[in-house]
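*Asks:* Next comes run26.cif, mmCIF, C-alpha atoms and all ligand atoms:
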```cif
data_work
#
loop_
_atom_site.label_atom_id
_atom_site.label_comp_id
_atom_site.auth_asym_id
_atom_site.auth_seq_id
_atom_site.Cartn_x
_atom_site.Cartn_y
_atom_site.Cartn_z
CA MET A 284 -5.43 40.66 -18.17
CA THR A 285 -6.30 37.05 -18.99
CA SER A 286 -9.82 35.68 -19.15
CA THR A 287 -9.31 33.81 -15.87
CA ASP A 288 -8.03 36.70 -13.70
CA LYS A 289 -10.32 37.58 -10.77
CA VAL A 290 -11.67 41.13 -11.01
CA ASP A 291 -12.75 43.26 -8.08
CA PHE A 292 -16.30 44.66 -8.28
CA THR A 293 -16.74 45.02 -4.53
CA ASP A 294 -16.97 48.81 -4.86
CA VAL A 295 -20.12 48.60 -7.05
CA ARG A 296 -22.69 50.26 -4.82
CA TRP A 297 -25.83 48.32 -3.94
CA GLY A 298 -28.78 49.87 -5.85
CA SER A 299 -26.55 51.70 -8.38
CA VAL A 300 -26.78 51.29 -12.19
CA GLY A 301 -23.68 49.07 -12.01
CA TRP A 302 -25.53 46.91 -9.50
CA THR A 303 -28.60 46.54 -11.75
CA ASN A 304 -26.26 45.36 -14.49
CA LEU A 305 -24.78 42.79 -12.10
CA CYS A 306 -28.34 41.66 -11.21
CA THR A 307 -29.24 40.82 -14.82
CA LEU A 308 -25.79 39.29 -15.41
CA TYR A 309 -26.27 37.12 -12.32
CA LEU A 310 -29.75 35.98 -13.40
CA ARG A 311 -28.48 35.01 -16.87
CA ALA A 312 -25.54 33.17 -15.32
CA TYR A 313 -27.84 31.37 -12.87
CA GLU A 314 -30.17 30.25 -15.66
CA SER A 315 -27.27 28.90 -17.74
CA ARG A 316 -26.63 26.39 -14.98
CA SER A 317 -30.13 24.93 -15.12
CA PRO A 318 -30.45 21.55 -16.87
CA LYS A 319 -32.67 22.99 -19.63
CA PRO A 320 -31.84 26.67 -20.00
CA ILE A 321 -33.84 28.93 -22.31
CA LEU A 322 -30.94 31.33 -22.92
CA GLY A 323 -27.93 29.25 -21.81
CA ASP A 324 -25.65 32.27 -21.31
CA THR A 325 -22.45 30.43 -20.35
CA ALA A 326 -20.44 33.61 -21.02
CA ALA A 327 -22.39 35.27 -18.18
CA ALA A 328 -21.57 32.32 -15.90
CA LYS A 329 -17.86 32.71 -16.75
CA ALA A 330 -18.08 36.45 -16.00
CA VAL A 331 -19.77 35.85 -12.63
CA ASP A 332 -17.09 33.30 -11.73
CA ARG A 333 -14.41 35.91 -12.40
CA ILE A 334 -16.10 38.79 -10.56
CA ASP A 335 -15.35 39.28 -6.87
CA TYR A 336 -18.72 40.44 -5.46
CA ASP A 337 -21.16 39.52 -2.71
CA TRP A 338 -23.07 37.01 -4.85
CA GLY A 339 -24.61 35.43 -1.73
CA ARG A 340 -26.39 38.70 -0.94
CA MET A 341 -27.34 38.99 -4.62
CA ARG A 342 -28.92 35.52 -4.54
CA ARG A 343 -30.92 36.36 -1.42
CA THR A 344 -32.16 39.62 -2.97
CA MET A 345 -32.83 38.49 -6.53
CA ARG A 346 -34.50 35.12 -5.76
CA PRO A 347 -33.23 33.69 -9.04
CA GLY A 348 -35.37 30.51 -8.81
CA SER A 349 -38.40 32.42 -10.10
CA ASN A 350 -36.89 35.70 -11.35
CA GLN A 351 -34.27 34.32 -13.76
CA TYR A 352 -36.84 33.92 -16.57
CA MET A 353 -37.89 37.57 -16.52
CA VAL A 354 -34.49 38.36 -17.97
CA THR A 355 -33.69 35.25 -19.99
CA MET A 356 -36.97 34.98 -21.95
CA ARG A 357 -36.58 38.58 -23.11
CA ALA A 358 -32.90 38.12 -23.99
CA LYS A 359 -33.58 34.88 -25.89
CA GLN A 360 -36.21 36.44 -28.16
CA LEU A 361 -33.90 39.36 -28.92
CA ASP A 362 -30.99 36.94 -29.53
CA ASP A 363 -33.12 34.97 -32.00
CA TRP A 364 -33.95 38.16 -33.92
CA CYS A 365 -30.25 39.13 -33.89
CA ILE A 366 -29.22 35.68 -35.16
CA SER A 367 -31.75 35.89 -37.96
CA PHE A 368 -30.42 39.32 -38.98
CA LEU A 369 -26.79 38.16 -38.85
CA ARG A 370 -27.59 35.10 -40.99
CA ARG A 371 -29.11 37.37 -43.62
CA ASN A 372 -26.36 40.00 -43.23
CA PRO A 373 -23.07 38.29 -42.31
CA ARG A 374 -21.17 41.48 -43.18
CA SER A 375 -22.82 44.00 -40.90
CA VAL A 376 -22.43 46.33 -37.96
CA VAL A 377 -24.11 45.67 -34.60
CA LEU A 378 -24.79 48.43 -32.10
CA HIS A 379 -25.66 47.03 -28.71
CA LEU A 380 -27.04 50.11 -26.98
CA GLY A 381 -27.19 50.22 -23.16
CA CYS A 382 -25.30 46.91 -23.16
CA GLY A 383 -24.58 46.99 -19.41
CA MET A 384 -22.68 43.79 -18.54
CA ASP A 385 -24.56 41.75 -21.12
CA THR A 386 -22.51 39.12 -22.99
CA ARG A 387 -24.63 39.12 -26.17
CA ALA A 388 -21.50 40.01 -28.20
CA PHE A 389 -19.91 36.71 -27.10
CA ARG A 390 -22.85 34.33 -26.77
CA LEU A 391 -24.11 34.89 -30.33
CA HIS A 392 -20.82 33.86 -31.99
CA ALA A 393 -21.35 36.38 -34.78
CA PRO A 394 -19.38 35.82 -38.01
CA GLU A 395 -15.87 37.38 -38.05
CA THR A 396 -17.09 39.80 -40.71
CA VAL A 397 -19.41 41.48 -38.18
CA ARG A 398 -18.18 44.62 -36.42
CA TRP A 399 -19.78 44.77 -32.98
CA PHE A 400 -20.04 47.90 -30.80
CA ASP A 401 -21.11 47.68 -27.16
CA VAL A 402 -22.29 51.15 -26.08
CA ASP A 403 -23.15 52.37 -22.59
CA GLN A 404 -22.44 55.24 -20.23
CA PRO A 405 -18.69 55.79 -19.56
CA ASN A 406 -18.87 54.46 -15.98
CA VAL A 407 -20.53 51.24 -17.14
CA ILE A 408 -18.02 50.74 -19.95
CA ALA A 409 -15.22 51.30 -17.41
CA LEU A 410 -16.64 48.35 -15.43
CA ARG A 411 -16.91 46.22 -18.60
CA ARG A 412 -13.28 46.97 -19.38
CA LYS A 413 -12.28 45.26 -16.13
CA LEU A 414 -13.57 42.04 -17.73
CA TYR A 415 -13.16 42.43 -21.48
CA ASP A 416 -10.78 44.03 -23.97
CA ASP A 417 -11.50 45.55 -27.36
CA ARG A 418 -10.35 43.28 -30.16
CA ASP A 419 -10.75 42.83 -33.91
CA GLY A 420 -14.45 43.19 -34.65
CA TYR A 421 -15.37 44.15 -31.08
CA ARG A 422 -15.25 47.61 -29.50
CA MET A 423 -16.74 49.22 -26.42
CA LEU A 424 -17.82 52.87 -26.58
CA GLY A 425 -18.36 54.79 -23.35
CA SER A 426 -20.95 57.46 -24.11
CA SER A 427 -24.54 58.35 -23.55
CA VAL A 428 -26.54 57.20 -26.56
CA THR A 429 -28.08 60.67 -26.51
CA ASP A 430 -24.71 62.21 -27.44
CA ASP A 431 -23.69 62.60 -31.07
CA ALA A 432 -19.95 61.93 -31.15
CA TRP A 433 -19.96 58.14 -30.60
CA LEU A 434 -21.76 57.59 -33.91
CA ASP A 435 -18.68 58.95 -35.71
CA GLU A 436 -16.79 55.84 -34.51
CA VAL A 437 -19.18 53.48 -36.29
CA PRO A 438 -18.76 52.49 -39.97
CA THR A 439 -21.72 53.14 -42.25
CA ASP A 440 -20.78 50.92 -45.19
CA CYS A 441 -23.03 47.92 -44.49
CA PRO A 442 -26.38 46.94 -42.95
CA THR A 443 -26.73 47.86 -39.27
CA LEU A 444 -28.46 46.08 -36.44
CA ALA A 445 -29.21 48.21 -33.37
CA VAL A 446 -30.39 46.29 -30.32
CA ALA A 447 -31.38 47.97 -27.06
CA GLU A 448 -32.59 45.79 -24.20
CA GLY A 449 -33.84 47.54 -21.08
CA LEU A 450 -32.71 50.96 -22.35
CA VAL A 451 -35.32 53.21 -23.96
CA MET A 452 -37.60 53.31 -20.91
CA TYR A 453 -34.80 55.23 -19.13
CA LEU A 454 -34.78 57.95 -21.80
CA THR A 455 -37.32 60.72 -22.26
CA GLU A 456 -39.59 60.56 -25.30
CA PRO A 457 -37.73 63.39 -27.09
CA GLU A 458 -34.46 61.51 -26.43
CA VAL A 459 -35.92 58.30 -27.91
CA ARG A 460 -37.25 60.15 -30.96
CA SER A 461 -33.91 61.86 -31.50
CA LEU A 462 -31.92 58.60 -31.06
CA LEU A 463 -34.08 56.78 -33.62
CA ARG A 464 -33.83 59.70 -36.01
CA ARG A 465 -30.03 59.84 -35.71
CA LEU A 466 -29.75 56.09 -36.34
CA THR A 467 -31.97 56.11 -39.42
CA ASP A 468 -30.33 59.29 -40.76
CA ARG A 469 -26.87 57.82 -40.40
CA PHE A 470 -27.27 54.19 -41.51
CA SER A 471 -28.79 53.33 -44.87
CA SER A 472 -30.46 50.04 -43.93
CA GLY A 473 -30.87 47.62 -41.07
CA GLU A 474 -33.05 46.63 -38.16
CA LEU A 475 -33.84 48.07 -34.78
CA LEU A 476 -34.76 45.77 -31.88
CA PHE A 477 -35.81 47.18 -28.53
CA ASP A 478 -38.20 46.58 -25.68
CA THR A 479 -40.71 49.15 -24.52
CA VAL A 480 -42.74 49.29 -21.32
CA SER A 481 -46.34 50.31 -20.95
CA PRO A 482 -47.08 53.95 -19.93
CA VAL A 483 -47.91 52.50 -16.50
CA GLY A 484 -44.15 52.01 -16.00
CA PRO A 485 -43.18 55.69 -15.71
CA ARG A 486 -46.32 56.43 -13.68
CA LEU A 487 -45.47 53.76 -11.12
CA SER A 488 -41.83 54.76 -11.19
CA LYS A 489 -42.73 58.30 -10.06
CA VAL A 490 -44.12 56.78 -6.86
CA LEU A 491 -41.82 53.79 -6.36
CA THR A 492 -38.41 54.47 -7.92
CA LYS A 493 -37.94 58.26 -8.00
CA GLY A 494 -38.98 58.49 -11.66
CA ILE A 495 -36.08 56.44 -13.01
CA THR A 496 -38.34 54.97 -15.72
CA LYS A 497 -39.18 57.93 -17.93
CA TRP A 498 -40.91 56.70 -21.06
CA GLY A 499 -43.57 54.15 -21.92
CA ILE A 500 -45.76 53.50 -24.93
CA ARG A 501 -48.87 51.37 -25.31
CA ASP A 502 -48.24 50.29 -28.88
CA ALA A 503 -44.80 50.90 -30.38
CA ARG A 504 -46.26 50.71 -33.91
CA ALA A 505 -47.03 54.42 -33.36
CA ILE A 506 -43.28 54.97 -33.80
CA GLU A 507 -43.74 54.50 -37.57
CA ARG A 508 -45.59 57.82 -37.51
CA TRP A 509 -42.69 59.55 -35.72
CA ASN A 510 -40.17 58.36 -38.22
CA PRO A 511 -41.30 57.39 -41.73
CA ARG A 512 -38.04 55.49 -42.35
CA LEU A 513 -38.99 52.92 -39.69
CA ARG A 514 -41.16 50.01 -40.78
CA PHE A 515 -42.76 47.91 -38.04
CA LEU A 516 -42.06 44.17 -38.53
CA GLU A 517 -43.27 42.38 -35.41
CA ARG A 518 -43.60 42.46 -31.65
CA SER A 519 -43.76 39.95 -28.87
CA SER A 520 -44.40 39.97 -25.16
CA ALA A 521 -41.14 39.70 -23.23
CA ALA A 522 -42.74 36.69 -21.51
CA ALA A 523 -43.80 34.92 -24.72
CA LEU A 524 -41.39 32.01 -24.23
CA TYR A 525 -42.83 31.01 -20.85
CA GLU A 526 -43.85 27.54 -22.13
CA ARG A 527 -40.13 26.69 -22.22
CA ILE A 528 -39.68 27.19 -18.46
CA PRO A 529 -38.66 23.78 -17.14
CA SER A 530 -40.11 24.07 -13.61
CA ALA A 531 -43.86 23.29 -13.69
CA SER A 532 -44.68 25.62 -10.77
CA VAL A 533 -42.74 28.58 -12.18
CA ARG A 534 -44.21 27.91 -15.64
CA LEU A 535 -47.70 27.99 -14.13
CA LEU A 536 -46.93 31.31 -12.46
CA TRP A 537 -45.85 32.79 -15.80
CA ARG A 538 -48.86 31.26 -17.58
CA LEU A 539 -51.09 33.12 -15.11
CA VAL A 540 -49.18 36.35 -15.69
CA TYR A 541 -49.43 35.83 -19.44
CA ALA A 542 -53.19 35.42 -19.23
CA THR A 543 -53.53 38.97 -17.87
CA PRO A 544 -52.78 42.40 -19.42
CA LEU A 545 -49.44 42.20 -17.58
CA ARG A 546 -48.10 40.28 -20.60
CA ASN A 547 -48.11 43.64 -22.42
CA TYR A 548 -46.05 45.40 -19.77
CA ASP A 549 -42.68 44.76 -21.44
CA VAL A 550 -42.91 44.26 -25.20
CA LEU A 551 -40.13 43.46 -27.67
CA ASN A 552 -40.33 45.34 -30.96
CA ARG A 553 -38.66 44.73 -34.31
CA PHE A 554 -38.44 47.46 -36.95
CA ALA A 555 -36.67 47.66 -40.31
CA PHE A 556 -35.28 50.76 -41.96
C1 LIG B 1 -31.46 47.94 -17.00
S1 LIG B 1 -29.84 48.14 -17.61
C2 LIG B 1 -29.87 46.94 -18.92
C3 LIG B 1 -28.49 46.52 -19.30
C4 LIG B 1 -28.43 45.37 -20.31
N1 LIG B 1 -29.03 45.74 -21.57
C5 LIG B 1 -29.08 44.13 -19.75
O1 LIG B 1 -30.15 43.75 -20.27
O2 LIG B 1 -28.52 43.54 -18.84
C6 LIG B 1 -29.95 49.67 -18.46
C7 LIG B 1 -28.63 50.10 -19.09
O3 LIG B 1 -28.89 51.24 -19.92
C8 LIG B 1 -27.81 52.14 -19.73
N2 LIG B 1 -28.24 53.48 -20.09
C9 LIG B 1 -29.26 54.22 -19.54
N3 LIG B 1 -29.31 55.42 -20.12
C10 LIG B 1 -28.31 55.44 -21.07
C11 LIG B 1 -27.87 56.41 -21.99
N4 LIG B 1 -28.44 57.61 -22.07
N5 LIG B 1 -26.82 56.10 -22.79
C12 LIG B 1 -26.23 54.87 -22.72
N6 LIG B 1 -26.63 53.91 -21.87
C13 LIG B 1 -27.65 54.20 -21.04
C14 LIG B 1 -27.47 52.03 -18.26
O4 LIG B 1 -26.19 52.56 -18.00
C15 LIG B 1 -27.58 50.52 -18.07
O5 LIG B 1 -26.36 49.89 -18.32
#
```
What's the structure tokens form of this structure?
Ligand SMILES: C[S@@+](CC[C@H](N)C(=O)[O-])C[C@H]1O[C@@H](n2cnc3c(N)ncnc32)[C@H](O)[C@@H]1O
*Replies:*
Amino acid sequence: MTSTDKVDFTDVRWGSVGWTNLCTLYLRAYESRSPKPILGDTAAAKAVDRIDYDWGRMRRTMRPGSNQYMVTMRAKQLDDWCISFLRRNPRSVVLHLGCGMDTRAFRLHAPETVRWFDVDQPNVIALRRKLYDDRDGYRMLGSSVTDDAWLDEVPTDCPTLAVAEGLVMYLTEPEVRSLLRRLTDRFSSGELLFDTVSPVGPRLSKVLTKGITKWGIRDARAIERWNPRLRFLERSSAAALYERIPSASVRLLWRLVYATPLRNYDVLNRFAF
């Protein structure tokens, strides 16, 4: 496989997990083509160019003109935290949990001394493997993060950054507690970056999306009490970067959202251990 070969994703079922990963990939790619992108994910644009899929239908469904920023503001804040960690810890391990089709491993241009692991369910990693290969410093692991065995593949000899975007809300609270415990038991130091949704998320999901969103928390600082090894560092609304949106009308829309409690619906959290 070369990085220009076309790959067939036409069998990814509309509404499936694979499809949701293509939605966020598409929105990041779309935003990278804007004159003043916030995220500028050109690796996503390259991936979309290679993937054979009904992108016309995707565009009509996703309405990227206004929806692209939902994804790219959140990703940009997490990228900035990752970059800061990698600057301070050029020899480190990164665990990108629930990576989906995200290109964070490529767009951050981590130092060669970083060992990066993209982790997601086996069927999602099988899709990723149509596009990317493992290589020195980069591996994909197909496993549920709730399983134990995948952690044995990861070195423990240096600081560890675990980043999970759009993942923990799909786990139950006991699964989240156990995942955090296993990470802090296994790795001696590092940071944990993840977004959490408000408890309204799972309540609405019961009615609207068959309970797919399972866990929410009002204030993730409470997690310090679950796990004394975790030290809360900071948090930020996923929409905090709205002032950077180039379109005045879309920026106004986000400013209005930000002025309401909705700004606390999806919150990005940074912990040290
Ligand atoms: C909404 S997508 C987000 C994907 C990616 N982080 C992004 O922002 O584009 C959620 C991802 O979490 C993955 N996921 C959900 N539960 C998981 C689990 N128990 N173990 C590993 N991955 C899981 C799904 O397979 C999916 O790829």
*Asks:* Do you know which residues lie at most 12 Å from (-42.3, 56.8, -38.8), with coordinates as in the file and only C-alpha atoms counted, and could you write them as a PyMOL selection string?
*Replies:* chain A and resi 460+463-464+467+503-515+554-556
*Asks:* Please check which protein, DNA or RNA residues sit within 10 Å of ligand LIG 1 (chain B), counting only C-alpha atoms and all ligand atoms, and write them as a PyMOL selection string.
*Replies:* chain A and resi 299-311+354-355+357-358+379-387+401-408+424-430+446-455+458-459+462+477+495-496
*Asks:* Atom CA of A:Thr344 and atom CA of A:Val295, how far apart in Å?
*Replies:*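 About the pair atom CA of A:Val295 and atom CA of A:Thr344: they are 15.6 Å apart.
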*Asks:* Using all atoms listed in the file, find the one residue out of A:Asn350, A:Ala388, A:Val533, A:Ile528 that sits nearest to A:Arg418.
*Replies:*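 The closest residue to A:Arg418 is A:Ala388.
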*Asks:* Take atom CA of A:Arg371 and atom CA of A:Leu322 and report the distance between them in Å, one decimal.
*Replies:*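 Computing it gives 21.6 Å between the two atoms.
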*Asks:* Would you mind reading off the distance between atom CA of A:Phe368 and atom CA of A:Val437, one decimal, in Å?
*Replies:*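 It comes out at 18.3 Å.
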*Asks:* Find the spatial neighbours of A:Asp478, counting all atoms listed in the file, within a cut-off of 6 Å - ignore same-chain residues fewer than 3 positions away - and output them as a VMD selection string.
*Replies:* chain A and resid 448 550 to 552
*Asks:* Pick the closest to A:Asp419 from A:Met345, A:Leu434, A:Val397, A:Val540: which is it, counting all atoms listed in the file?
*Replies:*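 Of all the options, A:Val397 lies closest to A:Asp419.
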*Asks:* Within 9 Å of A:Trp399, counting all atoms listed in the file, which residues show up once you throw out same-chain ones fewer than 6 positions away? Write them as a ChimeraX atom specification, please.
*Replies:* /A:375-379,388,393,420-423
*Asks:* Which protein, DNA or RNA residues have an atom at most 12 Å from (-46.8, 54.6, -11.9), counting only C-alpha atoms? List them as a compact mmCIF listing (two decimals) with C-alpha atoms, in the frame of the given file.
*Replies:*
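The resulting point.txt:
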```txt
# COMPACT_ATOMS: atom_id res chain seq x y z
CA VAL A 480 -42.74 49.29 -21.32
CA SER A 481 -46.34 50.31 -20.95
CA PRO A 482 -47.08 53.95 -19.93
CA VAL A 483 -47.91 52.50 -16.50
CA GLY A 484 -44.15 52.01 -16.00
CA PRO A 485 -43.18 55.69 -15.71
CA ARG A 486 -46.32 56.43 -13.68
CA LEU A 487 -45.47 53.76 -11.12
CA SER A 488 -41.83 54.76 -11.19
CA LYS A 489 -42.73 58.30 -10.06
CA VAL A 490 -44.12 56.78 -6.86
CA LEU A 491 -41.82 53.79 -6.36
CA THR A 492 -38.41 54.47 -7.92
CA LYS A 493 -37.94 58.26 -8.00
CA GLY A 494 -38.98 58.49 -11.66
CA ILE A 495 -36.08 56.44 -13.01
CA THR A 496 -38.34 54.97 -15.72
CA LYS A 497 -39.18 57.93 -17.93
CA TRP A 498 -40.91 56.70 -21.06
CA GLY A 499 -43.57 54.15 -21.92
```
*Asks:* Would you kindly return, as a ChimeraX atom specification, each protein, DNA or RNA residue with an atom no farther than 12 Å from any atom of A:Lys359, considering only C-alpha atoms and excluding same-chain residues fewer than 5 positions away?
*Replies:* /A:311,314-315,320-324,352-354,364-366,387,390-391,448,519-525,527,551
*Asks:* Counting only C-alpha atoms, which of A:Arg518, A:Thr439, A:Glu456, A:Leu535 gets nearest to A:Phe470?
*Replies:*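 Closest residue, counting only C-alpha atoms: A:Thr439.
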